[in-house]
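model27.tsv (TSV, C-alpha atoms) appears below.
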chain	number	residue	atom	x	y	z
A	9	MET	CA	178.16	109.60	208.13
A	10	GLN	CA	176.06	107.68	210.68
A	11	SER	CA	172.98	107.84	208.47
A	12	SER	CA	174.80	106.30	205.51
A	13	ASN	CA	176.31	103.48	207.59
A	14	PRO	CA	173.06	101.48	208.00
A	15	ALA	CA	172.44	101.80	204.26
A	16	SER	CA	175.95	100.53	203.54
A	17	LYS	CA	175.47	97.60	205.91
A	18	LYS	CA	172.14	96.80	204.30
A	19	GLN	CA	173.75	96.82	200.84
A	20	THR	CA	176.57	94.56	202.04
A	21	LEU	CA	174.08	92.16	203.60
A	22	PHE	CA	172.06	92.16	200.37
A	23	ILE	CA	175.16	91.30	198.27
A	24	ILE	CA	176.20	88.54	200.69
A	25	SER	CA	172.66	87.11	200.51
A	26	LEU	CA	172.80	87.18	196.71
A	27	ILE	CA	176.14	85.34	196.70
A	28	ILE	CA	174.85	82.68	199.13
A	29	LEU	CA	171.72	82.17	197.00
A	30	TRP	CA	173.87	82.04	193.84
A	31	TYR	CA	176.10	79.37	195.39
A	32	THR	CA	173.07	77.44	196.63
A	33	SER	CA	171.29	77.45	193.25
A	34	ASN	CA	174.41	76.63	191.19
A	35	ILE	CA	175.66	73.84	193.45
A	36	GLY	CA	172.10	72.67	194.14
A	37	VAL	CA	171.19	72.19	190.47
A	38	LEU	CA	174.51	70.40	189.85
A	39	LEU	CA	174.02	67.98	192.74
A	40	LEU	CA	170.33	67.44	191.94
A	41	ASN	CA	171.25	66.67	188.32
A	42	LYS	CA	173.77	64.10	189.55
A	43	PHE	CA	171.28	62.62	192.03
A	44	LEU	CA	168.49	62.30	189.44
A	45	LEU	CA	170.68	60.97	186.63
A	46	SER	CA	172.89	58.58	188.61
A	47	ASN	CA	171.16	57.66	191.87
A	48	TYR	CA	167.45	57.97	191.21
A	49	GLY	CA	166.89	55.85	188.10
A	50	PHE	CA	166.15	58.94	185.99
A	51	ARG	CA	168.20	58.16	182.84
A	52	PHE	CA	167.00	60.96	180.59
A	53	PRO	CA	169.53	63.82	180.37
A	54	ILE	CA	167.97	65.29	177.20
A	55	PHE	CA	164.51	65.45	178.75
A	56	LEU	CA	166.01	66.92	181.94
A	57	THR	CA	167.65	69.64	179.84
A	58	MET	CA	164.31	70.31	178.13
A	59	CYS	CA	162.73	70.77	181.58
A	60	HIS	CA	165.48	73.25	182.46
A	61	MET	CA	165.00	75.21	179.24
A	62	SER	CA	161.19	75.23	179.64
A	63	ALA	CA	161.54	76.65	183.14
A	64	CYS	CA	164.02	79.25	181.88
A	65	ALA	CA	161.62	80.30	179.09
A	66	ILE	CA	158.60	80.64	181.39
A	67	LEU	CA	160.34	82.21	184.38
A	68	SER	CA	162.39	84.58	182.19
A	69	TYR	CA	159.17	85.93	180.71
A	70	VAL	CA	157.58	86.32	184.16
A	71	SER	CA	160.70	88.02	185.57
A	72	ILE	CA	161.05	90.47	182.68
A	73	ALA	CA	157.42	91.14	181.68
A	74	PHE	CA	155.86	91.27	185.16
A	75	VAL	CA	158.56	91.57	187.85
A	76	LYS	CA	160.59	93.99	185.66
A	77	VAL	CA	163.98	92.60	186.69
A	78	VAL	CA	165.35	94.16	183.50
A	79	PRO	CA	163.66	96.09	180.66
A	80	LEU	CA	162.35	93.91	177.83
A	81	GLN	CA	164.58	94.11	174.76
A	82	SER	CA	162.83	93.18	171.52
A	83	ILE	CA	164.29	91.34	168.53
A	84	LYS	CA	164.69	93.91	165.78
A	85	SER	CA	165.43	91.85	162.68
A	86	ARG	CA	165.31	88.39	161.17
A	87	SER	CA	169.10	88.39	161.12
A	88	GLN	CA	169.25	89.01	164.88
A	89	PHE	CA	166.72	86.21	165.46
A	90	LEU	CA	168.84	83.75	163.44
A	91	LYS	CA	171.92	84.73	165.44
A	92	ILE	CA	170.09	84.22	168.74
A	93	SER	CA	168.76	80.85	167.47
A	94	THR	CA	172.30	79.77	166.62
A	95	LEU	CA	173.42	80.69	170.13
A	96	GLY	CA	170.41	78.84	171.53
A	97	VAL	CA	171.39	75.61	169.75
A	98	VAL	CA	175.00	75.84	170.98
A	99	PHE	CA	173.81	76.68	174.51
A	100	CYS	CA	171.43	73.73	174.39
A	101	GLY	CA	174.24	71.40	173.27
A	102	SER	CA	176.49	72.52	176.14
A	103	VAL	CA	173.79	71.85	178.77
A	104	VAL	CA	172.88	68.44	177.29
A	105	GLY	CA	176.54	67.41	177.19
A	106	GLY	CA	177.04	68.47	180.80
A	107	ASN	CA	173.96	66.56	181.97
A	108	ILE	CA	174.94	63.41	180.05
A	109	SER	CA	178.43	63.52	181.58
A	110	LEU	CA	176.94	63.58	185.10
A	111	ARG	CA	175.51	60.10	184.48
A	112	PHE	CA	179.03	58.71	184.18
A	113	LEU	CA	181.41	61.02	186.05
A	114	PRO	CA	181.74	62.10	189.68
A	115	VAL	CA	180.85	65.76	190.27
A	116	SER	CA	184.44	66.41	191.41
A	117	PHE	CA	185.86	65.34	188.05
A	118	ASN	CA	183.06	67.06	186.14
A	119	GLN	CA	184.00	70.33	187.84
A	120	ALA	CA	187.70	69.82	187.11
A	121	VAL	CA	187.00	69.45	183.38
A	122	GLY	CA	184.54	72.37	183.45
A	123	ALA	CA	187.25	74.59	184.93
A	124	THR	CA	189.13	74.39	181.61
A	125	THR	CA	186.55	76.71	179.97
A	126	PRO	CA	189.09	79.62	179.77
A	127	PHE	CA	191.43	77.39	177.74
A	128	PHE	CA	188.75	76.68	175.13
A	129	THR	CA	187.61	80.32	175.13
A	130	ALA	CA	191.18	81.49	174.39
A	131	LEU	CA	191.53	78.79	171.72
A	132	PHE	CA	188.31	79.73	169.90
A	133	ALA	CA	189.05	83.46	170.21
A	134	TYR	CA	192.50	82.87	168.67
A	135	PHE	CA	191.31	80.85	165.66
A	136	ILE	CA	187.92	82.50	165.02
A	137	THR	CA	188.43	86.17	165.87
A	138	PHE	CA	192.26	86.21	165.64
A	139	LYS	CA	192.33	87.81	169.08
A	140	ARG	CA	195.81	87.62	170.58
A	141	GLU	CA	196.63	87.66	174.28
A	142	ALA	CA	199.97	88.32	176.00
A	143	TRP	CA	202.22	85.24	176.14
A	144	VAL	CA	201.95	85.28	179.94
A	145	THR	CA	198.18	84.80	179.60
A	146	TYR	CA	198.65	81.74	177.38
A	147	ALA	CA	201.30	80.40	179.76
A	148	ALA	CA	198.74	80.55	182.59
A	149	LEU	CA	196.55	78.12	180.61
A	150	VAL	CA	199.19	75.37	180.82
A	151	PRO	CA	198.34	74.40	184.43
A	152	VAL	CA	194.62	74.66	183.57
A	153	VAL	CA	194.98	71.79	181.11
A	154	ALA	CA	197.77	69.97	182.96
A	155	GLY	CA	195.64	69.71	186.09
A	156	VAL	CA	192.84	67.89	184.23
A	157	VAL	CA	195.34	65.56	182.55
A	158	ILE	CA	196.76	64.71	185.98
A	159	ALA	CA	193.30	64.31	187.55
A	160	SER	CA	192.07	62.00	184.80
A	161	GLY	CA	195.28	59.97	184.61
A	162	MET	CA	194.94	60.14	180.84
A	163	LYS	CA	197.67	58.23	179.01
A	164	VAL	CA	197.77	56.62	175.61
A	165	ARG	CA	197.42	53.17	177.17
A	166	HIS	CA	194.03	54.14	178.69
A	167	LEU	CA	192.52	54.05	175.22
A	168	ARG	CA	193.01	50.28	175.29
A	169	MET	CA	191.47	49.89	178.73
A	170	PRO	CA	187.75	49.46	179.57
A	171	LEU	CA	185.68	52.62	179.67
A	172	ASN	CA	185.71	52.59	183.45
A	173	GLY	CA	189.47	52.12	183.77
A	174	SER	CA	190.53	52.60	187.35
A	175	SER	CA	193.79	54.48	186.92
A	176	GLY	CA	193.94	58.18	187.77
A	177	GLU	CA	190.63	59.60	189.01
A	178	PRO	CA	188.30	56.84	190.32
A	179	GLY	CA	185.11	56.65	188.26
A	180	PHE	CA	186.82	57.81	185.08
A	181	HIS	CA	184.58	57.02	182.10
A	182	LEU	CA	185.76	57.75	178.57
A	183	TYR	CA	182.32	58.55	177.09
A	184	GLY	CA	181.41	60.72	180.10
A	185	PHE	CA	184.76	62.49	179.80
A	186	ILE	CA	184.21	63.18	176.08
A	187	MET	CA	180.70	64.56	176.75
A	188	CYS	CA	181.99	66.74	179.60
A	189	LEU	CA	184.83	68.05	177.46
A	190	SER	CA	182.39	68.73	174.58
A	191	ALA	CA	180.04	70.61	176.93
A	192	THR	CA	182.93	72.72	178.22
A	193	ALA	CA	184.07	73.51	174.68
A	194	ALA	CA	180.48	74.37	173.65
A	195	ARG	CA	180.17	76.83	176.57
A	196	ALA	CA	183.37	78.54	175.50
A	197	PHE	CA	182.29	78.53	171.84
A	198	LYS	CA	178.97	80.18	172.78
A	199	SER	CA	180.72	83.03	174.62
A	200	VAL	CA	183.02	83.70	171.64
A	201	LEU	CA	180.14	83.33	169.16
A	202	GLN	CA	178.00	85.71	171.19
A	203	GLY	CA	180.72	88.36	170.96
A	204	ILE	CA	180.78	87.96	167.18
A	205	LEU	CA	177.06	87.60	166.37
A	206	LEU	CA	175.75	90.25	168.76
A	207	SER	CA	178.62	92.69	168.44
A	208	SER	CA	176.72	95.73	167.14
A	209	GLU	CA	175.15	98.06	169.71
A	210	GLY	CA	171.70	97.64	168.15
A	211	GLU	CA	171.80	93.84	168.53
A	212	LYS	CA	173.35	93.47	171.99
A	213	LEU	CA	171.13	91.87	174.62
A	214	ASN	CA	171.72	91.54	178.35
A	215	SER	CA	172.05	87.99	179.65
A	216	MET	CA	168.46	87.78	180.96
A	217	ASN	CA	166.87	88.84	177.66
A	218	LEU	CA	169.22	86.53	175.77
A	219	LEU	CA	168.10	83.65	178.02
A	220	LEU	CA	164.46	84.64	177.36
A	221	TYR	CA	164.92	84.20	173.59
A	222	MET	CA	167.39	81.29	173.61
A	223	SER	CA	165.35	79.02	175.91
A	224	PRO	CA	162.30	78.51	173.62
A	225	VAL	CA	164.66	77.77	170.71
A	226	ALA	CA	166.38	75.15	172.87
A	227	VAL	CA	163.02	73.56	173.79
A	228	ILE	CA	162.04	73.34	170.09
A	229	VAL	CA	165.38	71.67	169.29
A	230	LEU	CA	165.23	69.30	172.27
A	231	LEU	CA	161.63	68.07	171.85
A	232	PRO	CA	162.23	65.97	168.70
A	233	ALA	CA	165.54	64.78	170.19
A	234	VAL	CA	163.66	63.52	173.26
A	235	LEU	CA	161.00	61.77	171.14
A	236	ILE	CA	163.66	60.03	169.01
A	237	MET	CA	166.41	59.29	171.53
A	238	GLU	CA	164.38	58.91	174.75
A	239	PRO	CA	161.03	57.60	173.42
A	240	ASN	CA	159.93	55.92	176.69
A	241	VAL	CA	160.70	58.92	178.90
A	242	PHE	CA	157.09	59.82	179.76
A	243	GLU	CA	156.16	56.21	180.60
A	244	VAL	CA	159.20	55.82	182.90
A	245	ILE	CA	158.65	59.22	184.56
A	246	VAL	CA	155.03	58.34	185.40
A	247	GLN	CA	156.24	55.03	186.84
A	248	LEU	CA	158.96	56.76	188.88
A	249	GLY	CA	156.39	59.29	190.08
A	250	ARG	CA	154.29	56.42	191.46
A	251	GLU	CA	157.26	54.74	193.14
A	252	HIS	CA	158.83	57.92	194.55
A	253	ARG	CA	156.38	60.50	195.86
A	254	PHE	CA	158.98	63.29	195.73
A	255	MET	CA	159.86	62.66	192.08
A	256	TRP	CA	157.79	65.50	190.63
A	257	LEU	CA	158.87	67.89	193.40
A	258	LEU	CA	162.56	67.13	192.71
A	259	LEU	CA	162.08	67.67	188.98
A	260	PHE	CA	160.25	70.96	189.57
A	261	LEU	CA	162.83	72.14	192.10
A	262	ASN	CA	165.70	71.15	189.80
A	263	SER	CA	164.22	73.05	186.82
A	264	THR	CA	163.45	76.13	188.94
A	265	MET	CA	166.99	76.16	190.35
A	266	ALA	CA	168.39	76.00	186.80
A	267	TYR	CA	166.68	79.32	186.09
A	268	ALA	CA	167.57	80.77	189.51
A	269	ALA	CA	171.25	80.06	188.82
A	270	ASN	CA	171.08	82.20	185.66
A	271	LEU	CA	169.12	84.99	187.35
A	272	LEU	CA	171.43	85.16	190.37
A	273	ASN	CA	174.49	85.03	188.11
A	274	PHE	CA	173.16	88.19	186.44
A	275	LEU	CA	172.31	89.91	189.75
A	276	VAL	CA	175.68	89.11	191.37
A	277	THR	CA	177.48	90.53	188.32
A	278	LYS	CA	175.25	93.62	188.39
A	279	HIS	CA	175.85	94.35	192.07
A	280	THR	CA	179.56	93.42	192.18
A	281	SER	CA	181.72	93.02	189.07
A	282	ALA	CA	182.69	90.47	186.40
A	283	LEU	CA	186.05	89.97	188.17
A	284	THR	CA	184.36	89.27	191.50
A	285	LEU	CA	182.07	86.79	189.75
A	286	GLN	CA	185.09	84.99	188.27
A	287	VAL	CA	186.79	84.71	191.69
A	288	LEU	CA	183.56	83.52	193.33
A	289	GLY	CA	183.06	81.05	190.47
A	290	ASN	CA	186.46	79.47	191.10
A	291	ALA	CA	185.66	79.10	194.79
A	292	LYS	CA	182.18	77.74	193.96
A	293	GLY	CA	183.70	74.88	191.97
A	294	ALA	CA	185.83	73.88	194.95
A	295	VAL	CA	182.83	74.04	197.31
A	296	ALA	CA	180.77	71.89	194.89
A	297	VAL	CA	183.56	69.29	194.81
A	298	VAL	CA	183.76	69.05	198.61
A	299	ILE	CA	179.97	68.82	199.05
A	300	SER	CA	179.64	66.20	196.28
A	301	ILE	CA	182.34	64.02	197.87
A	302	LEU	CA	180.57	64.22	201.24
A	303	LEU	CA	177.14	63.46	199.74
A	304	PHE	CA	177.90	60.84	197.09
A	305	LYS	CA	180.95	59.31	198.83
A	306	ASN	CA	182.72	59.05	195.48
A	307	PRO	CA	186.34	57.97	196.02
A	308	VAL	CA	189.05	60.50	195.21
A	309	THR	CA	192.81	60.18	195.07
A	310	VAL	CA	195.46	62.60	196.22
A	311	ILE	CA	196.58	62.84	192.58
A	312	GLY	CA	193.02	63.61	191.47
A	313	MET	CA	192.54	66.40	194.01
A	314	GLY	CA	196.04	67.69	193.28
A	315	GLY	CA	195.19	67.90	189.58
A	316	TYR	CA	191.96	69.77	190.29
A	317	THR	CA	193.81	72.21	192.57
A	318	ILE	CA	196.38	72.88	189.82
A	319	THR	CA	193.53	73.58	187.36
A	320	VAL	CA	191.80	76.03	189.72
A	321	LEU	CA	195.07	77.85	190.45
A	322	GLY	CA	195.68	78.04	186.69
A	323	VAL	CA	192.23	79.59	186.16
A	324	VAL	CA	192.96	82.16	188.89
A	325	ALA	CA	196.33	82.98	187.29
A	326	TYR	CA	194.68	83.25	183.87
A	327	GLY	CA	192.09	85.74	185.15
A	328	GLU	CA	194.77	87.81	186.84
A	329	THR	CA	197.04	87.94	183.75
A	330	LYS	CA	194.08	88.90	181.54
A	331	ARG	CA	193.30	91.76	183.91
A	332	ARG	CA	196.89	93.01	183.99
A	333	PHE	CA	197.80	92.59	180.32
A	334	ARG	CA	194.57	93.53	178.60
Conversion result in C-alpha cells:
Amino acid sequence: MQSSNPASKKQTLFIISLIILWYTSNIGVLLLNKFLLSNYGFRFPIFLTMCHMSACAILSYVSIAFVKVVPLQSIKSRSQFLKISTLGVVFCGSVVGGNISLRFLPVSFNQAVGATTPFFTALFAYFITFKREAWVTYAALVPVVAGVVIASGMKVRHLRMPLNGSSGEPGFHLYGFIMCLSATAARAFKSVLQGILLSSEGEKLNSMNLLLYMSPVAVIVLLPAVLIMEPNVFEVIVQLGREHRFMWLLLFLNSTMAYAANLLNFLVTKHTSALTLQVLGNAKGAVAVVISILLFKNPVTVIGMGGYTITVLGVVAYGETKRRFR
C-alpha cells in the first residue's frame, strides 16, 4: 500500500497541474484577446483568428507527428475530408464571432452569453437530429437563458436606443451581443454537426486530430477574408510593432495559448472525465469574469452579476439532469 501511495500522489499532482495550466491558457487567451482588440489598438479580429488557427495547425502537427501526444489518424475518403472541412468553416466562424464580440463587450458579459451554449446545443439537437431529452432537462435551460436576458437588460425598447445603451449590463453593445450570440450558436452547431458527420466508427477522429485537419481549412477560409475585410492589417501591425516592443511577443503568446487551451482541454478530459471537465468549465467562466473585472475595471451591476450567476447555476442543473435522465 505504501509503495502505491507516492504514485497516487504523483498522479493527483499531475492532474492538478493540468487543470491549473488549462485554466491559465483558457483565461489567458481570453484576456489577451480582449487586451489586444480593445486596449492595444489591434482592431483585426479576423487576422487574430487566422493567427490562432495557424498556430493550431503547426503545433498540432508537431504534437502528433513528433511528440506523439496521440496517434495520427489519417483521412480515409474525400467524403470524410468534406465533412471535416465543413466543421472547420463552422469552427472558424465561431472563433471569429467570439473575437469580434470582445472588441465591444466586457469579458464578464461575453462569458455570460457563452454559458448559454447548452441551450443552443439542445435546440440544434432537437431540430436537426430529433433527439429528445427529459422535460426536466429542458426546464433546466430556462434559467440559462433567463440569466443572460437579466444580465443584458434586454427589452423591446432597447432596440430603439443607441448601440451602447446603458441599461442592464454596463458596456452593452448590440452588434457585439449579436456576434457573441452567433459565436455561441456556432459552437453548439459544430458539436451537433460533428456528431452527425463523423458518426461512423471509421470516420471518428479524436479532438486533437480533428483540430489538426480543421485548422488549415480555417486558415484557407480566413486568408481571403483578411485581405478583403482587413486590407491594411499588415501595415498597421508593422507600425504597432515599432511603437510597442512587446507587440510581436503578445501576438505569439496569444496564438500559442490558443493551441495550448485545446491541447489541455483534451488532456484534462483524458485524465479525468467529461463530467469533471464540464464542472471545471463552469467554474472557469466565473474565475475569468472575476479576473477580467479586476484587470479591465469594467463596471458591473448587481443585476448583471445576478443574471450571470443564474445562467451558471442553470448550466450546472442542465448537466446534472442530463446525467441523471440520459
Neighbours of Leu258 of chain A within 10 Å (only C-alpha atoms; same-chain residues fewer than 6 positions away dropped), as a PDB file with C-alpha atoms, in the coordinates of the input?
ATOM      1  CA  LEU A  40     170.330  67.440 191.940  1.00  0.00           C
ATOM      2  CA  ASN A  41     171.250  66.670 188.320  1.00  0.00           C
ATOM      3  CA  PHE A  43     171.280  62.620 192.030  1.00  0.00           C
ATOM      4  CA  LEU A  44     168.490  62.300 189.440  1.00  0.00           C
ATOM      5  CA  THR A 264     163.450  76.130 188.940  1.00  0.00           C
TER       6      THR A 264
END
Segment 314-317 of chain A environment, 6 Å, all atoms listed in the file, sequence neighbours closer than 5 positions dropped, as a PyMOL selection string: chain A and resi 120+155-156+158-159
Among listed residues A:Val276, A:Ala154, A:Leu189, A:Leu90, nearest Tyr31 of chain A (using all atoms listed in the file):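 With all atoms listed in the file as the atom set, the closest residue is A:Val276.
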Residues within 12 Å of (190.8, 91.5, 171.7), file coords, all atoms listed in the file, listed as a ChimeraX atom specification: /A:130,133-134,136-142,200,203-204,330,333-334
Step by step: start from the point (179.3, 59.8, 199.2) in the file's coordinates, keep every protein, DNA or RNA residue that has an atom no farther than 12 Å from it, count all atoms listed in the file, and write the set as a CSV table (one decimal) with C-alpha atoms, in the coordinates of the input.
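Result file result-v1.csv:
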chain,number,residue,atom,x,y,z
A,39,LEU,CA,174.0,68.0,192.7
A,42,LYS,CA,173.8,64.1,189.6
A,43,PHE,CA,171.3,62.6,192.0
A,47,ASN,CA,171.2,57.7,191.9
A,114,PRO,CA,181.7,62.1,189.7
A,115,VAL,CA,180.8,65.8,190.3
A,116,SER,CA,184.4,66.4,191.4
A,297,VAL,CA,183.6,69.3,194.8
A,298,VAL,CA,183.8,69.0,198.6
A,299,ILE,CA,180.0,68.8,199.0
A,300,SER,CA,179.6,66.2,196.3
A,301,ILE,CA,182.3,64.0,197.9
A,302,LEU,CA,180.6,64.2,201.2
A,303,LEU,CA,177.1,63.5,199.7
A,304,PHE,CA,177.9,60.8,197.1
A,305,LYS,CA,181.0,59.3,198.8
A,306,ASN,CA,182.7,59.0,195.5
A,307,PRO,CA,186.3,58.0,196.0
A,308,VAL,CA,189.0,60.5,195.2
Counting all atoms listed in the file, the residue of A:Asn214, A:Ala196, A:Gly249, A:Gly105 that sits nearest Leu275 of chain A: A:Asn214
Pairwise distance for atom CA of Leu261 of chain A and atom CA of Gly96 of chain A, rounded to one decimal in Å: 22.9 Å
Could you pull segment 88-101 of chain A out of the block above and save it with N, CA and C atoms, as a PDB file, in the first residue's frame?
ATOM      1  N   GLN A  88     -15.072  12.135 -46.117  1.00  0.00           N
ATOM      2  CA  GLN A  88     -14.644  12.495 -44.765  1.00  0.00           C
ATOM      3  C   GLN A  88     -13.950  13.857 -44.767  1.00  0.00           C
ATOM      4  N   PHE A  89     -13.133  14.125 -45.791  1.00  0.00           N
ATOM      5  CA  PHE A  89     -12.449  15.404 -45.902  1.00  0.00           C
ATOM      6  C   PHE A  89     -13.438  16.559 -46.021  1.00  0.00           C
ATOM      7  N   LEU A  90     -14.486  16.364 -46.827  1.00  0.00           N
ATOM      8  CA  LEU A  90     -15.515  17.403 -46.993  1.00  0.00           C
ATOM      9  C   LEU A  90     -16.256  17.662 -45.681  1.00  0.00           C
ATOM     10  N   LYS A  91     -16.494  16.597 -44.937  1.00  0.00           N
ATOM     11  CA  LYS A  91     -17.172  16.743 -43.640  1.00  0.00           C
ATOM     12  C   LYS A  91     -16.296  17.531 -42.660  1.00  0.00           C
ATOM     13  N   ILE A  92     -15.004  17.192 -42.634  1.00  0.00           N
ATOM     14  CA  ILE A  92     -14.073  17.893 -41.745  1.00  0.00           C
ATOM     15  C   ILE A  92     -13.950  19.362 -42.160  1.00  0.00           C
ATOM     16  N   SER A  93     -13.934  19.617 -43.482  1.00  0.00           N
ATOM     17  CA  SER A  93     -13.853  20.992 -43.991  1.00  0.00           C
ATOM     18  C   SER A  93     -15.070  21.805 -43.571  1.00  0.00           C
ATOM     19  N   THR A  94     -16.240  21.170 -43.619  1.00  0.00           N
ATOM     20  CA  THR A  94     -17.469  21.837 -43.187  1.00  0.00           C
ATOM     21  C   THR A  94     -17.372  22.216 -41.710  1.00  0.00           C
ATOM     22  N   LEU A  95     -16.897  21.277 -40.904  1.00  0.00           N
ATOM     23  CA  LEU A  95     -16.709  21.548 -39.477  1.00  0.00           C
ATOM     24  C   LEU A  95     -15.683  22.663 -39.265  1.00  0.00           C
ATOM     25  N   GLY A  96     -14.647  22.668 -40.095  1.00  0.00           N
ATOM     26  CA  GLY A  96     -13.606  23.687 -39.993  1.00  0.00           C
ATOM     27  C   GLY A  96     -14.150  25.085 -40.241  1.00  0.00           C
ATOM     28  N   VAL A  97     -15.035  25.214 -41.227  1.00  0.00           N
ATOM     29  CA  VAL A  97     -15.642  26.513 -41.553  1.00  0.00           C
ATOM     30  C   VAL A  97     -16.525  26.995 -40.404  1.00  0.00           C
ATOM     31  N   VAL A  98     -17.330  26.080 -39.846  1.00  0.00           N
ATOM     32  CA  VAL A  98     -18.211  26.435 -38.718  1.00  0.00           C
ATOM     33  C   VAL A  98     -17.368  26.809 -37.494  1.00  0.00           C
ATOM     34  N   PHE A  99     -16.324  26.023 -37.229  1.00  0.00           N
ATOM     35  CA  PHE A  99     -15.417  26.279 -36.117  1.00  0.00           C
ATOM     36  C   PHE A  99     -14.766  27.650 -36.263  1.00  0.00           C
ATOM     37  N   CYS A 100     -14.324  27.932 -37.477  1.00  0.00           N
ATOM     38  CA  CYS A 100     -13.695  29.210 -37.803  1.00  0.00           C
ATOM     39  C   CYS A 100     -14.663  30.369 -37.542  1.00  0.00           C
ATOM     40  N   GLY A 101     -15.920  30.202 -37.976  1.00  0.00           N
ATOM     41  CA  GLY A 101     -16.937  31.238 -37.774  1.00  0.00           C
ATOM     42  C   GLY A 101     -17.182  31.512 -36.303  1.00  0.00           C
TER      43      GLY A 101
END
